[in-house]
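Q: target-v4.cif (mmCIF, C-alpha atoms and all ligand atoms) pasted underneath:
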```
data_model
loop_
_atom_site.label_atom_id
_atom_site.label_comp_id
_atom_site.auth_asym_id
_atom_site.auth_seq_id
_atom_site.Cartn_x
_atom_site.Cartn_y
_atom_site.Cartn_z
CA MET C 55 89.71 120.45 100.68
CA SER C 56 91.64 123.67 100.26
CA ALA C 57 90.39 127.20 99.86
CA VAL C 58 93.93 128.31 99.10
CA ALA C 59 94.36 129.55 95.54
CA ALA C 60 95.63 127.28 92.80
CA ILE C 61 98.69 128.71 91.09
CA ASP C 62 100.69 128.44 87.91
CA VAL C 63 104.44 128.70 88.12
CA GLY C 64 106.10 128.70 84.72
CA GLY C 65 103.36 126.48 83.29
CA LEU C 66 103.36 124.09 86.26
CA ALA C 67 99.80 124.10 87.59
CA LEU C 68 99.56 123.49 91.33
CA PRO C 69 96.48 123.32 93.57
CA ASN C 70 98.40 125.16 96.31
CA PRO C 71 101.89 126.68 96.63
CA VAL C 72 103.45 124.08 98.97
CA MET C 73 105.89 121.69 97.31
CA VAL C 74 108.06 119.00 98.89
CA ALA C 75 111.75 119.82 98.35
CA SER C 76 113.98 117.34 96.55
CA GLY C 77 115.44 114.59 98.72
CA CYS C 78 113.30 115.37 101.75
CA GLY C 79 110.19 113.28 101.07
CA GLY C 80 111.88 109.95 100.33
CA THR C 81 110.12 108.09 97.54
CA GLY C 82 106.82 109.66 98.57
CA ARG C 83 105.62 106.50 100.32
CA GLU C 84 107.30 107.53 103.57
CA LEU C 85 105.48 110.88 103.53
CA HIS C 86 102.17 109.47 102.34
CA VAL C 87 101.80 107.64 105.66
CA PHE C 88 101.36 111.07 107.29
CA GLY C 89 99.00 112.58 104.70
CA PRO C 90 98.13 112.11 101.01
CA VAL C 91 100.95 113.27 98.72
CA GLY C 92 98.25 114.11 96.17
CA ASP C 93 97.02 116.96 98.43
CA LEU C 94 100.37 118.77 98.28
CA GLY C 95 101.20 121.37 95.64
CA ALA C 96 103.80 119.06 94.11
CA PHE C 97 106.25 116.36 95.09
CA VAL C 98 109.83 116.89 93.95
CA THR C 99 111.77 113.63 93.88
CA ARG C 100 115.31 113.27 95.17
CA SER C 101 117.74 113.99 92.35
CA ILE C 102 117.69 111.10 89.88
CA SER C 103 120.76 110.18 87.81
CA VAL C 104 121.05 107.86 84.81
CA ALA C 105 122.83 105.16 86.84
CA ALA C 106 122.06 104.27 90.45
CA ARG C 107 124.23 106.02 93.03
CA ALA C 108 125.12 104.44 96.37
CA GLY C 109 125.65 107.80 98.10
CA GLY C 110 128.27 108.72 100.68
CA PRO C 111 129.43 106.89 103.80
CA SER C 112 127.64 107.40 107.11
CA PRO C 113 127.07 109.48 109.06
CA ARG C 114 125.20 111.31 106.33
CA ILE C 115 123.20 113.77 108.39
CA VAL C 116 124.20 115.69 111.51
CA GLU C 117 122.22 118.25 113.46
CA THR C 118 123.60 121.73 113.87
CA PRO C 119 122.09 124.68 115.74
CA SER C 120 118.99 125.56 113.66
CA GLY C 121 119.55 123.08 110.90
CA LEU C 122 121.19 120.03 109.42
CA VAL C 123 124.30 119.27 107.46
CA ASN C 124 123.79 116.41 105.03
CA ALA C 125 126.29 114.46 102.98
CA ILE C 126 123.82 112.05 101.38
CA GLY C 127 125.86 112.15 98.18
CA LEU C 128 122.86 112.07 95.82
CA GLN C 129 121.93 108.47 96.63
CA ASN C 130 119.20 107.32 94.25
CA PRO C 131 118.12 104.13 92.47
CA GLY C 132 118.86 105.38 88.93
CA LEU C 133 116.48 106.26 86.12
CA ASP C 134 115.31 102.75 85.11
CA HIS C 135 114.29 101.81 88.63
CA PHE C 136 112.70 105.21 89.25
CA LEU C 137 110.57 104.93 86.10
CA ALA C 138 109.57 101.36 86.82
CA THR C 139 108.63 101.65 90.48
CA GLU C 140 108.67 105.09 92.09
CA LEU C 141 107.04 107.23 89.39
CA PRO C 142 104.00 104.97 88.79
CA TRP C 143 103.21 104.85 92.50
CA LEU C 144 103.38 108.64 92.87
CA VAL C 145 101.20 109.12 89.79
CA GLN C 146 98.69 106.61 91.17
CA GLN C 147 98.37 108.77 94.32
CA GLY C 148 97.48 111.80 92.20
CA ALA C 149 100.75 113.61 93.02
CA ARG C 150 102.07 116.27 90.68
CA VAL C 151 105.51 114.80 90.22
CA VAL C 152 108.46 117.04 89.50
CA VAL C 153 111.53 114.91 88.84
CA SER C 154 114.81 116.39 90.01
CA VAL C 155 117.72 115.41 87.78
CA VAL C 156 121.48 115.42 88.14
CA GLY C 157 124.12 114.25 85.67
CA ARG C 158 127.82 113.74 85.05
CA SER C 159 127.72 115.20 81.55
CA LEU C 160 125.49 117.13 79.15
CA GLY C 161 124.81 113.81 77.45
CA GLU C 162 123.44 112.36 80.68
CA TYR C 163 121.21 115.40 81.20
CA ALA C 164 119.91 114.99 77.65
CA GLU C 165 119.17 111.30 78.25
CA LEU C 166 117.36 112.05 81.51
CA ALA C 167 115.31 114.73 79.76
CA ARG C 168 114.48 112.55 76.75
CA ARG C 169 113.23 109.63 78.81
CA LEU C 170 111.45 111.63 81.50
CA GLY C 171 109.92 113.96 78.93
CA ARG C 172 107.98 111.10 77.36
CA SER C 173 106.98 109.44 80.65
CA PRO C 174 103.30 109.92 81.48
CA GLY C 175 102.78 111.55 84.86
CA VAL C 176 105.89 113.73 84.89
CA ALA C 177 104.54 117.22 85.61
CA GLY C 178 107.92 118.90 85.37
CA ILE C 179 111.68 118.46 85.55
CA GLU C 180 113.82 120.25 88.11
CA VAL C 181 117.47 120.61 87.17
CA ASN C 182 119.69 120.49 90.23
CA LEU C 183 122.22 123.22 89.48
CA SER C 184 123.24 123.71 93.10
CA VAL C 185 124.74 120.46 94.44
CA PRO C 186 126.76 121.55 97.52
CA ASP C 187 129.86 119.64 96.37
CA ALA C 188 129.55 118.74 92.69
CA VAL C 189 133.21 117.80 92.25
CA GLY C 190 133.28 115.57 95.34
CA PHE C 191 129.97 113.95 94.37
CA GLY C 192 131.24 113.31 90.85
CA VAL C 193 128.60 115.26 88.94
CA LEU C 194 128.98 118.05 86.40
CA ASP C 195 130.31 121.20 88.06
CA VAL C 196 127.91 123.98 87.07
CA ARG C 197 128.98 126.70 89.49
CA GLU C 198 129.55 129.07 86.58
CA PRO C 199 126.19 130.33 85.29
CA PHE C 200 127.17 129.66 81.65
CA HIS C 201 127.79 125.99 82.50
CA ALA C 202 124.43 125.85 84.25
CA ALA C 203 122.85 127.42 81.17
CA SER C 204 124.29 124.64 78.97
CA VAL C 205 122.66 122.07 81.22
CA VAL C 206 119.29 123.84 81.15
CA ALA C 207 119.50 124.11 77.35
CA ALA C 208 120.38 120.39 77.04
CA VAL C 209 117.34 119.47 79.13
CA ARG C 210 115.00 121.93 77.42
CA ARG C 211 115.99 120.69 73.96
CA ASP C 212 114.91 117.15 74.71
CA VAL C 213 111.54 117.60 76.40
CA PRO C 214 108.13 118.54 74.97
CA ARG C 215 107.73 122.32 74.67
CA ASP C 216 104.93 122.45 77.25
CA LEU C 217 106.77 120.48 79.95
CA PRO C 218 107.99 122.90 82.65
CA VAL C 219 111.73 122.84 83.33
CA LEU C 220 112.68 124.30 86.72
CA ALA C 221 116.22 125.47 87.39
CA LYS C 222 117.29 125.08 91.03
CA VAL C 223 119.96 127.63 91.91
CA ARG C 224 121.88 128.13 95.11
CA PRO C 225 120.82 130.88 97.54
CA ASP C 226 124.14 132.63 97.02
CA LEU C 227 123.55 136.36 97.13
CA ALA C 228 126.47 137.17 94.85
CA ARG C 229 125.30 134.88 92.02
CA ALA C 230 121.59 134.13 92.49
CA ALA C 231 120.16 136.80 90.18
CA GLU C 232 122.76 136.12 87.48
CA SER C 233 122.19 132.35 87.77
CA ALA C 234 118.42 132.81 87.56
CA ARG C 235 118.64 135.11 84.53
CA THR C 236 121.00 132.80 82.68
CA ALA C 237 118.83 129.77 83.40
CA LEU C 238 115.69 131.54 82.16
CA ASP C 239 117.50 132.73 79.03
CA ALA C 240 118.55 129.12 78.40
CA GLY C 241 114.95 127.97 78.47
CA ALA C 242 114.02 127.34 82.10
CA SER C 243 110.31 127.87 82.79
CA ALA C 244 110.83 128.84 86.45
CA VAL C 245 113.61 129.16 88.99
CA VAL C 246 113.87 127.52 92.38
CA VAL C 247 115.93 129.81 94.60
CA GLY C 248 117.26 127.69 97.41
CA ASN C 249 119.32 124.61 98.07
CA ALA C 250 121.47 123.46 100.94
CA LEU C 251 124.51 125.73 101.19
CA PRO C 252 128.05 124.34 100.96
CA ALA C 253 129.19 123.41 104.48
CA ALA C 254 131.23 120.74 106.23
CA MET C 255 130.38 117.70 108.33
CA PRO C 256 132.17 117.62 111.73
CA ASP C 257 134.79 115.25 110.24
CA GLY C 258 135.50 117.74 107.45
CA ARG C 259 133.66 116.01 104.59
CA PRO C 260 131.75 118.43 102.36
CA GLY C 261 128.03 118.61 102.93
CA GLY C 262 125.06 120.94 102.63
CA LEU C 263 123.59 123.14 105.37
CA SER C 264 119.79 123.40 105.38
CA GLY C 265 116.93 124.30 107.71
CA PRO C 266 116.09 127.49 109.64
CA ALA C 267 119.77 128.50 109.69
CA ILE C 268 119.62 129.36 105.97
CA ARG C 269 116.10 130.86 105.89
CA PRO C 270 117.10 134.55 106.15
CA LEU C 271 119.72 134.09 103.43
CA ALA C 272 117.32 132.30 101.13
CA LEU C 273 114.67 134.94 101.74
CA ARG C 274 117.09 137.72 100.82
CA CYS C 275 118.08 135.86 97.66
CA VAL C 276 114.45 135.46 96.62
CA ALA C 277 113.88 139.18 97.19
CA GLU C 278 116.97 140.13 95.18
CA VAL C 279 116.14 137.79 92.30
CA ALA C 280 112.55 139.08 92.28
CA ALA C 281 113.81 142.68 92.21
CA ALA C 282 116.21 141.93 89.34
CA LEU C 283 113.72 139.79 87.39
CA PRO C 284 110.23 140.99 88.33
CA ASP C 285 108.47 138.76 85.79
CA ALA C 286 110.37 135.56 86.60
CA PRO C 287 108.33 132.71 88.08
CA LEU C 288 110.15 132.01 91.36
CA ILE C 289 109.91 129.21 93.89
CA GLY C 290 111.53 129.86 97.27
CA ALA C 291 113.19 127.30 99.53
CA GLY C 292 115.30 127.31 102.65
CA GLY C 293 114.25 126.62 106.22
CA ILE C 294 110.52 126.97 105.67
CA ALA C 295 108.69 125.46 108.62
CA ASP C 296 105.42 127.32 109.18
CA ALA C 297 102.76 129.36 107.39
CA ASP C 298 104.41 132.66 108.35
CA ASP C 299 107.60 131.50 106.64
CA VAL C 300 105.59 130.71 103.52
CA ARG C 301 103.99 134.16 103.61
CA SER C 302 107.44 135.78 103.94
CA PHE C 303 108.70 134.00 100.83
CA LEU C 304 105.54 134.84 98.87
CA ALA C 305 105.82 138.48 99.95
CA ALA C 306 109.46 138.50 98.83
CA GLY C 307 108.40 137.53 95.32
CA ALA C 308 108.06 133.74 95.22
CA VAL C 309 104.92 132.19 93.73
CA ALA C 310 105.41 128.85 95.48
CA VAL C 311 107.69 127.33 98.11
CA GLN C 312 109.49 124.07 98.81
CA VAL C 313 109.71 122.48 102.24
CA GLY C 314 112.64 120.20 103.01
CA THR C 315 114.40 119.87 106.36
CA ALA C 316 111.24 120.61 108.36
CA LEU C 317 109.82 117.32 107.04
CA LEU C 318 112.66 115.40 108.65
CA HIS C 319 111.67 116.86 112.02
CA ASP C 320 107.92 116.53 111.44
CA PRO C 321 106.71 114.68 108.33
CA THR C 322 103.28 116.32 108.60
CA THR C 323 104.74 119.81 108.02
CA ALA C 324 103.83 120.17 104.33
CA ALA C 325 100.24 118.99 104.86
CA ARG C 326 99.94 121.30 107.87
CA LEU C 327 101.19 124.29 105.85
CA VAL C 328 98.57 123.61 103.16
CA ALA C 329 95.85 123.44 105.85
CA ASP C 330 97.11 126.57 107.65
CA LEU C 331 97.23 128.59 104.44
CA ALA C 332 93.76 127.34 103.51
CA SER C 333 92.29 128.28 106.88
CA THR C 334 93.81 131.78 106.68
CA ALA C 335 92.41 132.17 103.16
CA THR C 336 88.97 131.07 104.36
CA THR C 337 89.08 133.46 107.35
CA GLN C 338 90.02 136.35 105.07
CA GLU C 339 87.17 135.53 102.69
CA GLN C 340 84.59 135.80 105.52
CA PRO C 341 82.80 139.17 105.72
C1 LIG E 1 118.60 115.02 103.56
C2 LIG E 1 118.55 115.96 102.41
C3 LIG E 1 118.64 115.47 101.10
C4 LIG E 1 118.58 116.35 100.01
N1 LIG E 1 118.66 115.84 98.75
C5 LIG E 1 118.56 116.69 97.68
C6 LIG E 1 118.60 116.18 96.35
O1 LIG E 1 118.72 114.97 96.09
N2 LIG E 1 118.51 117.09 95.34
C7 LIG E 1 118.35 118.44 95.56
O2 LIG E 1 118.24 119.22 94.60
N3 LIG E 1 118.29 118.93 96.82
C8 LIG E 1 118.40 118.09 97.87
N4 LIG E 1 118.32 118.60 99.14
C9 LIG E 1 118.12 120.06 99.33
C10 LIG E 1 116.65 120.38 99.59
O3 LIG E 1 115.84 119.99 98.50
C11 LIG E 1 116.42 121.88 99.85
O4 LIG E 1 116.66 122.60 98.66
C12 LIG E 1 117.34 122.46 100.91
O5 LIG E 1 117.53 121.55 101.97
C13 LIG E 1 116.82 123.79 101.47
O6 LIG E 1 115.52 123.67 101.99
P1 LIG E 1 115.22 123.30 103.54
O7 LIG E 1 116.03 124.23 104.37
O8 LIG E 1 113.74 123.45 103.70
O9 LIG E 1 115.66 121.87 103.71
C14 LIG E 1 118.41 117.74 100.25
C15 LIG E 1 118.33 118.23 101.55
C16 LIG E 1 118.39 117.37 102.63
C17 LIG E 1 118.29 117.92 104.03
#
```
Once more with this new file: its structure as structure tokens, please.
Ligand SMILES: Cc1cc2nc3c(=O)[nH]c(=O)nc-3n(C[C@H](O)[C@H](O)[C@H](O)COP(=O)(O)O)c2cc1C

A:
Amino acid sequence: MSAVAAIDVGGLALPNPVMVASGCGGTGRELHVFGPVGDLGAFVTRSISVAARAGGPSPRIVETPSGLVNAIGLQNPGLDHFLATELPWLVQQGARVVVSVVGRSLGEYAELARRLGRSPGVAGIEVNLSVPDAVGFGVLDVREPFHAASVVAAVRRDVPRDLPVLAKVRPDLARAAESARTALDAGASAVVVGNALPAAMPDGRPGGLSGPAIRPLALRCVAEVAAALPDAPLIGAGGIADADDVRSFLAAGAVAVQVGTALLHDPTTAARLVADLASTATTQEQP
């Protein structure tokens, strides 16, 4: 279907560079109604923890000018349920499944890695090192790059050598390059530059700001990380909504991108980006 080039990012082979960002494609079934999840570069699951998490109280999402603030609170069904029901369905659809993980301790990260690493159909593990409010959400606080590195090392140690481990760092200009370097040194195969930025809900609860509002910041972070680490496999995320946005991130040094908030406005966005990139590639190939 697509004339857009297949890529490899840190050993993760993708038919195209458009991935679904963690937490923004539901279980995959919700998105699949609007286009086959198997046609996308990869599907990143919401962050999965060892035990199920109920998430925060509502409202959990509010609109802001040019974006959203979410306080979902890492709601997820827990590892057992994910492995029994969500993963097999995604694999059956031919999706390249990257499982995002979050934990309360290094031991939990190791357990997630051990069990996911031997589960058929897991194409990669993405370590969520950029939760907008780790302390409030009750997960390990990895704001300091050396803490994040311990988590990456704990995950890396417990998965097969050839399974890609992606480190998802915050688009924080002051720390992004340092965070990316530390994660790679600790064994990450690739770095995702971009997560919702720490923000507040109107009632003052901590949340994460995402969407077009953060795109210029995320783009700058990708460019700075790429300049500091020219050989690092980078995936960009933050407010991507059309093919021009994708091109900007690729030009800044990313090899692939993740699309999140745009899917909540229009669930066909990721499929449309793949088609738009493919049609541009085809046009350019014509004499
Ligand atoms: C409703 C919602 C839920 C999210 N859940 C997660 C999550 O579970 N784990 C994670 O790493 N990122 C999560 N994110 C962050 C996105 O994956 C993405 O990194 C971020 O929103 C920036 O991209 P965007 O501007 O395209 O949304 C969530 C974002 C939103 C809007």

Q: Which one is closest to Val189 in chain C: C:Gly77, C:Pro260, C:Pro287, C:Gly121? Count all atoms listed in the file.

A: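 For Val189 in chain C, the nearest of the candidates is C:Pro260.
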
Q: Using all atoms listed in the file, which protein or nucleic acid residues come within 8 Å of Ala306 in chain C? Drop anything in the same chain fewer than 3 positions from it, and give the result as a list in words.

A: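 Listed by chain and then number, they are Leu273, Arg274, Val276, Ala277, Ala280, Ser302 and Phe303 of chain C.
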
Q: If I take CA of Ala149 in chain C and CA of Val245 in chain C, how far is one from the other in Å, to one decimal?

A: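 That distance, rounded to one decimal, is 20.6 Å.
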
Q: Compare C:Leu288, C:Val74, C:Ala203, C:Ala167 by their minimum atom-to-atom distance to ligand LIG 1 (chain E), counting all atoms listed in the file, and give me the closest one.

A: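 Answer, going by the shortest atom-to-atom distance: C:Val74.
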
Q: Could you list, as a JSON list (two decimals) with C-alpha atoms, in the frame of the given file, every residue within 12 Å of range 228-235 of chain C, counting only C-alpha atoms and ignoring same-chain residues fewer than 6 positions away?

A:
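Dumped to out19.json:
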```
[["chain", "number", "residue", "atom", "x", "y", "z"],
["C", 183, "LEU", "CA", 122.22, 123.22, 89.48],
["C", 184, "SER", "CA", 123.24, 123.71, 93.10],
["C", 196, "VAL", "CA", 127.91, 123.98, 87.07],
["C", 197, "ARG", "CA", 128.98, 126.70, 89.49],
["C", 198, "GLU", "CA", 129.55, 129.07, 86.58],
["C", 199, "PRO", "CA", 126.19, 130.33, 85.29],
["C", 200, "PHE", "CA", 127.17, 129.66, 81.65],
["C", 201, "HIS", "CA", 127.79, 125.99, 82.50],
["C", 202, "ALA", "CA", 124.43, 125.85, 84.25],
["C", 203, "ALA", "CA", 122.85, 127.42, 81.17],
["C", 204, "SER", "CA", 124.29, 124.64, 78.97],
["C", 206, "VAL", "CA", 119.29, 123.84, 81.15],
["C", 220, "LEU", "CA", 112.68, 124.30, 86.72],
["C", 221, "ALA", "CA", 116.22, 125.47, 87.39],
["C", 222, "LYS", "CA", 117.29, 125.08, 91.03],
["C", 241, "GLY", "CA", 114.95, 127.97, 78.47],
["C", 242, "ALA", "CA", 114.02, 127.34, 82.10],
["C", 243, "SER", "CA", 110.31, 127.87, 82.79],
["C", 244, "ALA", "CA", 110.83, 128.84, 86.45],
["C", 245, "VAL", "CA", 113.61, 129.16, 88.99],
["C", 246, "VAL", "CA", 113.87, 127.52, 92.38],
["C", 247, "VAL", "CA", 115.93, 129.81, 94.60],
["C", 248, "GLY", "CA", 117.26, 127.69, 97.41],
["C", 249, "ASN", "CA", 119.32, 124.61, 98.07],
["C", 271, "LEU", "CA", 119.72, 134.09, 103.43],
["C", 272, "ALA", "CA", 117.32, 132.30, 101.13],
["C", 273, "LEU", "CA", 114.67, 134.94, 101.74],
["C", 274, "ARG", "CA", 117.09, 137.72, 100.82],
["C", 275, "CYS", "CA", 118.08, 135.86, 97.66],
["C", 276, "VAL", "CA", 114.45, 135.46, 96.62],
["C", 277, "ALA", "CA", 113.88, 139.18, 97.19],
["C", 278, "GLU", "CA", 116.97, 140.13, 95.18],
["C", 279, "VAL", "CA", 116.14, 137.79, 92.30],
["C", 280, "ALA", "CA", 112.55, 139.08, 92.28],
["C", 281, "ALA", "CA", 113.81, 142.68, 92.21],
["C", 282, "ALA", "CA", 116.21, 141.93, 89.34],
["C", 283, "LEU", "CA", 113.72, 139.79, 87.39],
["C", 284, "PRO", "CA", 110.23, 140.99, 88.33],
["C", 285, "ASP", "CA", 108.47, 138.76, 85.79],
["C", 286, "ALA", "CA", 110.37, 135.56, 86.60],
["C", 287, "PRO", "CA", 108.33, 132.71, 88.08],
["C", 288, "LEU", "CA", 110.15, 132.01, 91.36],
["C", 289, "ILE", "CA", 109.91, 129.21, 93.89],
["C", 290, "GLY", "CA", 111.53, 129.86, 97.27]]
```

Q: Please determine, counting all atoms listed in the file, which residue among C:Val104, C:Val72, C:Leu122, C:Val116 has the shortest atom-to-atom distance to ligand LIG 1 (chain E).

A: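 Among the listed residues, the smallest separation from ligand LIG 1 (chain E) belongs to C:Leu122.
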
Q: Find the residues near Asn182 in chain C: any atom within 8 Å, counting only C-alpha atoms, skip ones fewer than 2 places away on the same chain, and give them as an MDAnalysis selection string.

A: chainID C and resid 101 154:156 180 184:185 221:223

Q: Which residues are near Ala325 in chain C? Cut-off 12 Å, only C-alpha atoms, ignore same chain within fewer than 6 positions. Put them as a ChimeraX atom specification.

A: /C:55-56,70-74,85-97,295-297,313,316-317,331-332

Q: If you measure from atom O9 of ligand LIG 1 (chain E) to CA of Pro111 in chain C, what distance in Å do you get, rounded to one decimal?

A: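 Result for atom O9 of ligand LIG 1 (chain E) versus CA of Pro111 in chain C: 20.3 Å, one decimal.
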
Q: List the spatial neighbours of Pro252 in chain C as an mmCIF file with C-alpha atoms, keeping the file's coordinate frame - criterion: any atom at most 8 Å away, only C-alpha atoms, same-chain residues fewer than 4 positions off excluded.

A:
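out36.cif, freshly written:
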```
data_model
loop_
_atom_site.group_PDB
_atom_site.id
_atom_site.type_symbol
_atom_site.label_atom_id
_atom_site.label_comp_id
_atom_site.auth_asym_id
_atom_site.auth_seq_id
_atom_site.Cartn_x
_atom_site.Cartn_y
_atom_site.Cartn_z
ATOM 1 C CA PRO C 186 126.760 121.550 97.520
ATOM 2 C CA ASP C 187 129.860 119.640 96.370
ATOM 3 C CA PRO C 260 131.750 118.430 102.360
ATOM 4 C CA GLY C 261 128.030 118.610 102.930
ATOM 5 C CA GLY C 262 125.060 120.940 102.630
ATOM 6 C CA LEU C 263 123.590 123.140 105.370
#
```

Q: So for range 89-97 of chain C, what box centre and size do we get, axis-aligned, 3 Å extra on each of the six sides, every listed atom, Å to one decimal, as lines of an AutoDock Vina configuration file?

A:
```
center_x = 101.6
center_y = 116.7
center_z = 99.4
size_x = 15.2
size_y = 15.3
size_z = 16.6
```

Q: Considering only C-alpha atoms, can you say which of C:Gln129, C:Gln147, C:Thr118, C:Ser333 comes closest to Ile268 in chain C?

A: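 Going through C:Gln129, C:Gln147, C:Thr118, C:Ser333 one by one, the smallest distance to Ile268 in chain C is for C:Thr118.
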
Q: Work out how far CA of Arg107 in chain C is from CA of Asn130 in chain C, in Å to one decimal.

A: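 Atom-to-atom, CA of Asn130 in chain C and CA of Arg107 in chain C are spaced 5.3 Å apart.
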
Q: Here is a test: counting all atoms listed in the file, which residue of C:Ala75, C:Val63, C:Ala308, C:Ala106 is nearest to Gly293 in chain C?

A: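 The closest residue to Gly293 in chain C is C:Ala75.
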
Q: Choose the residue, out of C:Val145, C:Ala138, C:Val219, C:Leu194, that has the smallest atom-to-atom separation from Ser159 in chain C; count all atoms listed in the file.

A: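 Checking each candidate against Ser159 in chain C, we get C:Leu194 as the closest.
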